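Report on the following structure.
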Amino acid sequence: MDDTSSKNLKTDSAGDEVPELELTDADILDAMQHIPGYLDITTEDFRAIYHLAHHHAAGRLFGKIRAANLMRTGIEPLLPDMPLDQAARALVKSGYKALPVVDTTGRVTGMLTETDFLRRLKVDTFLELLLSMLDDTFELKHRCHETPVSEAMTAPAVTVAGDAGFSEIIRAFRQHDGRGIPVVDGDGRLLGMLLRKDFITAYHLEPLQ
Amino acid sequence: MKIPEYFRKMRGTTRGSPPRVSNAEIVWSGIGGFLGIAIVAWMDHLFFAGTDLTLLFGPFGASAVLVYGAVRSPLAQPRNLVGGHVVSAIVGVACWKLFHQYPWLAQAMAVAGAIALMHATRTLHPPGGATALIAVIGSAGIHDLGFWYVLVPATLGPVILLAVAVVVNNIPASRRYPEIWF
C-alpha cells in the first residue's frame, strides 16, 4: 500500500511539491476526540486519507499554475546596444516596469528596470530624481543618451522556464524585487513575461471559483 | 516481499485505538439498543408468536451495536443495515437450497457469498454474515421458511431497527443519523 500511494503522489503533484504537515498519532487522536460518537477508523487510515486528499487538493489549487500559462506574450525586448533614452521610451510604451534585454539570438542577458535608471542617474528615488532634474536637466539627458542598455541593466536576469510551477515561480519572485520575470525556453530564449500581479491573481482566484 | 517484512506487518501500524467516547454517548447507545431490540421483540411477540415466522434473531444484536453504538460508521448507514441483511438472507437461503447435502459447504458458501455480494452492492454490514449463516445452520423451522426468511425477519427487522435509530439517534444534540440514506 505504501508503494502505490507514494507513486500516486508523485504523478499528481507533477514535480511541484507543496509542503505538507506531517500529522502525529497524537494529533489525529486529539482531532477524533473532538468529534462526538465512535469513529470506526484507525489513525493510519485517517493519515492515508489526509495525505491523498491533501495532494488532490494541492493539485487542484496549484497544478494548473505553470509559468507558460500565466505569462504575457508579444513582449518587445530591449537590445544590449540600445541607448538608454531609447530604452526608456520603449519601457514607457510597453507599459511594464521592466523589460528583458536579449542578444541577437533571443537569449535573455539581463533585465532593465526603473530602478536601474535611477541607479544610473545616481539617485535612489524618483523624488530625488525630480529634484536633481530641476538643478541639471541637460546633464541627465546627456548621461542617458551616451549609455547603452547593457551597461545599465541588471544581469544576469532571474528567469523561469515555461513549465515552472507554483513553488519554482515563488522561489524566483523571492530572489528579486522585480514585478516581472522573463519566461525562457531551454536555451534561455525569451518566450514571454510573467508578471507578479498575474501570478497572484491566478493563485487567488482559481481556488475560489 | 521479504520474510522479515511480512512478519513486521503483524506488529500493526499505529499506537492508540480510537479514544473512549463520552459518558453521554455511552448512555444514548444503551438507550438506542434497548429500544430497538425491545420494539422488535415486542412486535415479534405481538404478531408472530404462534406462527412459523419469527421477527427476532441473533444478528440484530450485532446490528444494534452498529446503528446505536457506532452511528457515524459507514457500516451502520441505512443502505448497509437493510441492504446487508436482505442481500445476505438471499444468499443464505439460496446456499441452503443448493448445497444442503453438504452442510459445511453450504455454511461456508453462505458467509463468503454474503460478504462478496454485500461488497459488490455497497451494503457491507457485518451482522449480514450471521444472517446468511443462520439461514443454513438454523432450525428446521428456519429452513422451512424458504425465501420467506428474506422478508421476515431479514427485511422487516432491520426496517424497525432503522426507524428506531432515526428517532432516537437524533435526540441528543451531539448525534445525528443517518449520515447517508442510500
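The way I read the labels, and the way they are meant: chains A, B, ... in the order of the C-alpha cells, residue 1 as the first residue of every chain, and ligand 1 as the first ligand shown, with later ones counted on from there.
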Could you list, with a cut-off of 10 Å and counting only C-alpha atoms, the residues of chain A near chain B, each shown with its nearest atom pair and the distance in Å rounded to one decimal, rows sorted by chain and ascending number, as JSON lines?
```
{"residue": "A:Asp25", "atom": "CA", "partner": "B:Arg15", "partner_atom": "CA", "distance": 7.3}
{"residue": "A:Ala26", "atom": "CA", "partner": "B:Gly16", "partner_atom": "CA", "distance": 8.4}
{"residue": "A:Ile28", "atom": "CA", "partner": "B:Pro18", "partner_atom": "CA", "distance": 9.4}
{"residue": "A:Leu29", "atom": "CA", "partner": "B:Pro18", "partner_atom": "CA", "distance": 6.7}
{"residue": "A:Asp30", "atom": "CA", "partner": "B:Pro19", "partner_atom": "CA", "distance": 8.6}
{"residue": "A:Met32", "atom": "CA", "partner": "B:Pro19", "partner_atom": "CA", "distance": 7.3}
{"residue": "A:Gln33", "atom": "CA", "partner": "B:Pro19", "partner_atom": "CA", "distance": 6.4}
{"residue": "A:Ile35", "atom": "CA", "partner": "B:Ser174", "partner_atom": "CA", "distance": 8.8}
{"residue": "A:Pro36", "atom": "CA", "partner": "B:Ser174", "partner_atom": "CA", "distance": 6.1}
{"residue": "A:Gly37", "atom": "CA", "partner": "B:Val21", "partner_atom": "CA", "distance": 6.1}
{"residue": "A:Tyr38", "atom": "CA", "partner": "B:Ala70", "partner_atom": "CA", "distance": 5.2}
{"residue": "A:Leu39", "atom": "CA", "partner": "B:Ser73", "partner_atom": "CA", "distance": 6.5}
{"residue": "A:Asp40", "atom": "CA", "partner": "B:Ser73", "partner_atom": "CA", "distance": 6.0}
{"residue": "A:Ile41", "atom": "CA", "partner": "B:Pro18", "partner_atom": "CA", "distance": 7.4}
{"residue": "A:Thr42", "atom": "CA", "partner": "B:Pro18", "partner_atom": "CA", "distance": 6.7}
{"residue": "A:Thr43", "atom": "CA", "partner": "B:Thr14", "partner_atom": "CA", "distance": 6.8}
{"residue": "A:Glu44", "atom": "CA", "partner": "B:Thr14", "partner_atom": "CA", "distance": 6.3}
{"residue": "A:Asp45", "atom": "CA", "partner": "B:Thr14", "partner_atom": "CA", "distance": 9.8}
```
Selected residues written out with all heavy atoms, as a compact mmCIF listing (two decimals), in the first residue's frame:
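Once everything was written out, this is again-v9.txt:
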```
# COMPACT_ATOMS: atom_id res chain seq x y z
N ASP A 25 0.31 10.64 15.57
CA ASP A 25 -0.83 9.89 16.08
C ASP A 25 -1.60 10.72 17.11
O ASP A 25 -2.84 10.71 17.14
CB ASP A 25 -0.37 8.58 16.73
CG ASP A 25 0.08 7.58 15.69
OD1 ASP A 25 -0.07 7.87 14.48
OD2 ASP A 25 0.59 6.51 16.07
N ALA A 26 -0.83 11.47 17.93
CA ALA A 26 -1.48 12.27 18.97
C ALA A 26 -2.37 13.34 18.35
O ALA A 26 -3.47 13.61 18.84
CB ALA A 26 -0.41 12.91 19.86
N ILE A 28 -3.97 13.18 15.53
CA ILE A 28 -5.18 12.55 14.97
C ILE A 28 -6.12 12.13 16.10
O ILE A 28 -7.33 12.37 16.02
CB ILE A 28 -4.79 11.36 14.09
CG1 ILE A 28 -3.94 11.84 12.91
CG2 ILE A 28 -6.03 10.65 13.59
CD1 ILE A 28 -3.28 10.73 12.13
N LEU A 29 -5.56 11.53 17.14
CA LEU A 29 -6.40 11.10 18.25
C LEU A 29 -7.07 12.31 18.91
O LEU A 29 -8.23 12.26 19.31
CB LEU A 29 -5.57 10.32 19.27
CG LEU A 29 -5.13 8.93 18.80
CD1 LEU A 29 -4.16 8.30 19.78
CD2 LEU A 29 -6.33 8.02 18.59
N ASP A 30 -6.33 13.41 18.99
CA ASP A 30 -6.89 14.63 19.56
C ASP A 30 -8.06 15.12 18.72
O ASP A 30 -9.12 15.47 19.24
CB ASP A 30 -5.81 15.71 19.64
CG ASP A 30 -6.35 16.99 20.24
OD1 ASP A 30 -6.73 16.96 21.43
OD2 ASP A 30 -6.42 18.01 19.53
N MET A 32 -9.91 13.29 16.78
CA MET A 32 -11.01 12.33 16.90
C MET A 32 -11.81 12.58 18.18
O MET A 32 -13.02 12.37 18.22
CB MET A 32 -10.46 10.91 16.94
CG MET A 32 -10.06 10.36 15.59
SD MET A 32 -9.28 8.75 15.81
CE MET A 32 -9.71 7.96 14.26
N GLN A 33 -11.11 13.05 19.21
CA GLN A 33 -11.78 13.29 20.48
C GLN A 33 -12.76 14.46 20.38
O GLN A 33 -13.69 14.56 21.17
CB GLN A 33 -10.75 13.57 21.57
CG GLN A 33 -10.80 12.51 22.65
CD GLN A 33 -9.47 12.31 23.33
OE1 GLN A 33 -8.50 13.01 23.06
NE2 GLN A 33 -9.41 11.35 24.22
N ILE A 35 -14.71 14.93 17.92
CA ILE A 35 -15.89 14.50 17.18
C ILE A 35 -16.69 13.58 18.09
O ILE A 35 -16.18 12.54 18.50
CB ILE A 35 -15.50 13.77 15.89
CG1 ILE A 35 -14.70 14.70 15.00
CG2 ILE A 35 -16.74 13.25 15.17
CD1 ILE A 35 -14.11 14.03 13.78
N PRO A 36 -17.92 13.98 18.44
CA PRO A 36 -18.69 13.11 19.33
C PRO A 36 -19.05 11.81 18.61
O PRO A 36 -19.25 11.80 17.41
CB PRO A 36 -19.93 13.94 19.65
CG PRO A 36 -20.04 14.94 18.57
CD PRO A 36 -18.66 15.18 18.05
N GLY A 37 -19.14 10.74 19.35
CA GLY A 37 -19.50 9.46 18.73
C GLY A 37 -18.29 8.65 18.37
O GLY A 37 -17.17 9.16 18.32
N TYR A 38 -18.53 7.36 18.14
CA TYR A 38 -17.44 6.45 17.88
C TYR A 38 -17.08 6.48 16.40
O TYR A 38 -17.96 6.36 15.54
CB TYR A 38 -17.86 5.03 18.27
CG TYR A 38 -16.77 4.00 18.10
CD1 TYR A 38 -15.80 3.85 19.08
CD2 TYR A 38 -16.72 3.22 16.96
CE1 TYR A 38 -14.79 2.91 18.92
CE2 TYR A 38 -15.71 2.29 16.79
CZ TYR A 38 -14.75 2.13 17.78
OH TYR A 38 -13.76 1.22 17.62
N LEU A 39 -15.77 6.68 16.10
CA LEU A 39 -15.33 6.67 14.70
C LEU A 39 -14.69 5.32 14.43
O LEU A 39 -13.69 4.99 15.07
CB LEU A 39 -14.31 7.76 14.47
CG LEU A 39 -14.79 9.20 14.57
CD1 LEU A 39 -13.61 10.15 14.38
CD2 LEU A 39 -15.85 9.47 13.54
N ASP A 40 -15.23 4.55 13.49
CA ASP A 40 -14.56 3.27 13.25
C ASP A 40 -13.54 3.44 12.13
O ASP A 40 -13.67 2.97 11.01
CB ASP A 40 -15.54 2.12 13.00
CG ASP A 40 -16.31 2.26 11.72
OD1 ASP A 40 -16.35 3.38 11.20
OD2 ASP A 40 -16.86 1.26 11.24
N ILE A 41 -12.48 4.18 12.49
CA ILE A 41 -11.38 4.43 11.56
C ILE A 41 -10.10 4.45 12.38
O ILE A 41 -10.09 4.98 13.49
CB ILE A 41 -11.62 5.77 10.82
CG1 ILE A 41 -10.55 6.03 9.79
CG2 ILE A 41 -11.71 6.93 11.80
CD1 ILE A 41 -10.86 7.21 8.89
N THR A 42 -9.04 3.83 11.86
CA THR A 42 -7.78 3.86 12.59
C THR A 42 -7.04 5.16 12.26
O THR A 42 -7.34 5.81 11.26
CB THR A 42 -6.87 2.69 12.19
OG1 THR A 42 -6.55 2.82 10.80
CG2 THR A 42 -7.56 1.35 12.41
N THR A 43 -6.08 5.50 13.12
CA THR A 43 -5.31 6.71 12.86
C THR A 43 -4.55 6.58 11.54
O THR A 43 -4.38 7.55 10.82
CB THR A 43 -4.31 6.97 14.00
OG1 THR A 43 -3.62 5.77 14.27
CG2 THR A 43 -5.02 7.43 15.25
N GLU A 44 -4.12 5.35 11.22
CA GLU A 44 -3.38 5.14 9.97
C GLU A 44 -4.27 5.38 8.76
O GLU A 44 -3.84 5.98 7.77
CB GLU A 44 -2.80 3.72 9.95
CG GLU A 44 -1.72 3.48 8.92
CD GLU A 44 -0.58 4.50 9.00
OE1 GLU A 44 -0.22 4.91 10.12
OE2 GLU A 44 -0.07 4.88 7.94
N ASP A 45 -5.52 4.92 8.84
CA ASP A 45 -6.47 5.19 7.75
C ASP A 45 -6.66 6.69 7.58
O ASP A 45 -6.68 7.21 6.47
CB ASP A 45 -7.84 4.56 8.06
CG ASP A 45 -7.87 3.09 7.72
OD1 ASP A 45 -6.94 2.62 7.06
OD2 ASP A 45 -8.83 2.42 8.14
```
List the spatial neighbours of Phe166 of chain A as a CSV table (one decimal) with all heavy atoms, in the first residue's frame - criterion: any atom at most 8 Å away, only C-alpha atoms, same-chain residues fewer than 2 positions off excluded.
```csv
chain,number,residue,atom,x,y,z
A,16,ASP,N,6.0,19.4,-8.6
A,16,ASP,CA,5.8,20.6,-8.0
A,16,ASP,C,5.3,20.4,-6.6
A,16,ASP,O,4.2,20.4,-6.3
A,16,ASP,CB,4.9,21.5,-8.8
A,16,ASP,CG,4.9,23.0,-8.3
A,16,ASP,OD1,6.0,23.4,-7.8
A,16,ASP,OD2,3.9,23.7,-8.4
A,62,PHE,N,-2.9,24.2,-7.3
A,62,PHE,CA,-1.6,24.7,-7.8
A,62,PHE,C,-1.2,24.0,-9.1
A,62,PHE,O,-0.3,24.4,-9.8
A,62,PHE,CB,-0.5,24.5,-6.8
A,62,PHE,CG,-0.8,25.1,-5.5
A,62,PHE,CD1,-0.7,24.4,-4.3
A,62,PHE,CD2,-1.1,26.4,-5.4
A,62,PHE,CE1,-1.0,24.9,-3.1
A,62,PHE,CE2,-1.4,27.0,-4.2
A,62,PHE,CZ,-1.3,26.3,-3.0
A,63,GLY,N,-1.8,22.9,-9.4
A,63,GLY,CA,-1.4,22.0,-10.6
A,63,GLY,C,-1.5,22.8,-11.9
A,63,GLY,O,-0.6,22.6,-12.7
A,65,ILE,N,-1.1,25.9,-12.4
A,65,ILE,CA,-0.3,27.1,-12.5
A,65,ILE,C,1.0,26.7,-13.1
A,65,ILE,O,1.9,26.0,-12.5
A,65,ILE,CB,-0.1,27.7,-11.1
A,65,ILE,CG1,-1.5,28.3,-10.6
A,65,ILE,CG2,0.9,28.8,-11.1
A,65,ILE,CD1,-1.5,29.1,-9.4
A,66,ARG,N,1.2,27.1,-14.3
A,66,ARG,CA,2.5,26.9,-15.0
A,66,ARG,C,2.9,28.3,-15.5
A,66,ARG,O,2.0,29.0,-16.1
A,66,ARG,CB,2.4,25.9,-16.1
A,66,ARG,CG,2.2,24.5,-15.7
A,66,ARG,CD,3.6,23.9,-15.2
A,66,ARG,NE,3.4,22.6,-14.6
A,66,ARG,CZ,3.2,22.5,-13.3
A,66,ARG,NH1,3.1,23.5,-12.5
A,66,ARG,NH2,3.0,21.3,-12.8
A,164,ALA,N,7.7,25.9,-15.4
A,164,ALA,CA,7.9,26.2,-14.0
A,164,ALA,C,6.5,26.2,-13.3
A,164,ALA,O,5.6,26.8,-13.8
A,164,ALA,CB,8.6,27.5,-13.7
A,168,GLU,N,8.4,26.9,-7.9
A,168,GLU,CA,9.5,27.5,-8.6
A,168,GLU,C,9.3,29.0,-8.9
A,168,GLU,O,10.3,29.8,-8.8
A,168,GLU,CB,9.7,26.8,-10.0
A,168,GLU,CG,10.8,25.7,-10.0
A,168,GLU,CD,10.8,25.0,-11.4
A,168,GLU,OE1,10.0,24.1,-11.5
A,168,GLU,OE2,11.5,25.5,-12.2
A,169,ILE,N,8.1,29.3,-9.2
A,169,ILE,CA,7.8,30.7,-9.5
A,169,ILE,C,7.9,31.6,-8.2
A,169,ILE,O,8.5,32.6,-8.2
A,169,ILE,CB,6.3,30.9,-10.1
A,169,ILE,CG1,6.3,30.2,-11.4
A,169,ILE,CG2,6.0,32.3,-10.2
A,169,ILE,CD1,4.9,30.1,-12.0
A,170,ILE,N,7.4,31.0,-7.1
A,170,ILE,CA,7.5,31.7,-5.8
A,170,ILE,C,9.0,31.9,-5.5
A,170,ILE,O,9.4,33.0,-5.1
A,170,ILE,CB,6.9,30.8,-4.7
A,170,ILE,CG1,5.4,30.8,-4.8
A,170,ILE,CG2,7.4,31.2,-3.3
A,170,ILE,CD1,4.8,32.0,-4.1
```
If we count only C-alpha atoms, what is near segment 99-104 of chain A at a cut-off of 12 Å, once residues fewer than 4 positions away on the same chain are taken out, given as a PyMOL selection string?
chain A and resi 74-82+84+87-95+108-116+148-159+178-184+188-195
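Atom CA of Ala132 of chain B lies 5.1 Å from atom CA of Ala89 of chain B.
Taking atom CA of Asn69 of chain A and atom CA of Leu52 of chain A as the two end points, the separation is 26.0 Å.
Going from atom CA of Ala130 of chain B over to atom CA of Gln107 of chain B, you cover 10.4 Å.
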Identify, on the basis of only C-alpha atoms, every residue whose closest approach to Phe57 of chain B does not exceed 10 Å; exclude the query and any residue fewer than 5 positions from it along the same chain; express the result as a short mmCIF file (atom, residue, chain, number, x, y, z; two decimals) with all heavy atoms, in the first residue's frame.
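The resulting around23.cif:
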```
data_model
loop_
_atom_site.label_atom_id
_atom_site.label_comp_id
_atom_site.auth_asym_id
_atom_site.auth_seq_id
_atom_site.Cartn_x
_atom_site.Cartn_y
_atom_site.Cartn_z
N VAL B 40 -38.52 -4.60 18.41
CA VAL B 40 -38.53 -5.78 17.53
C VAL B 40 -39.07 -6.99 18.29
O VAL B 40 -39.92 -7.74 17.78
CB VAL B 40 -37.12 -6.07 16.97
CG1 VAL B 40 -37.13 -7.35 16.14
CG2 VAL B 40 -36.63 -4.92 16.12
N ALA B 41 -38.62 -7.17 19.54
CA ALA B 41 -39.06 -8.33 20.33
C ALA B 41 -40.55 -8.25 20.63
O ALA B 41 -41.29 -9.24 20.55
CB ALA B 41 -38.25 -8.39 21.63
N ALA B 130 -23.86 -13.18 9.73
CA ALA B 130 -24.62 -14.05 10.63
C ALA B 130 -25.98 -14.38 10.05
O ALA B 130 -26.46 -15.52 10.16
CB ALA B 130 -24.77 -13.37 11.99
N THR B 131 -26.61 -13.40 9.41
CA THR B 131 -27.91 -13.63 8.77
C THR B 131 -27.80 -14.75 7.72
O THR B 131 -28.65 -15.64 7.65
CB THR B 131 -28.39 -12.33 8.10
OG1 THR B 131 -28.51 -11.33 9.10
CG2 THR B 131 -29.73 -12.53 7.42
N ILE B 134 -27.14 -18.17 9.56
CA ILE B 134 -28.31 -18.73 10.26
C ILE B 134 -29.29 -19.36 9.27
O ILE B 134 -29.95 -20.36 9.59
CB ILE B 134 -28.96 -17.64 11.13
CG1 ILE B 134 -28.09 -17.45 12.38
CG2 ILE B 134 -30.38 -18.03 11.53
CD1 ILE B 134 -28.54 -16.34 13.28
N PRO B 153 -37.46 -12.70 9.05
CA PRO B 153 -37.11 -11.44 9.72
C PRO B 153 -36.18 -10.50 8.95
O PRO B 153 -36.04 -9.34 9.33
CB PRO B 153 -36.37 -11.95 10.95
CG PRO B 153 -35.67 -13.18 10.46
CD PRO B 153 -36.62 -13.80 9.46
N ALA B 154 -35.54 -10.95 7.85
CA ALA B 154 -34.35 -10.22 7.35
C ALA B 154 -34.64 -8.84 6.77
O ALA B 154 -33.72 -8.02 6.67
CB ALA B 154 -33.61 -11.07 6.32
N GLY B 157 -37.17 -6.78 10.26
CA GLY B 157 -36.39 -6.48 11.47
C GLY B 157 -35.50 -5.25 11.30
O GLY B 157 -35.61 -4.30 12.09
#
```
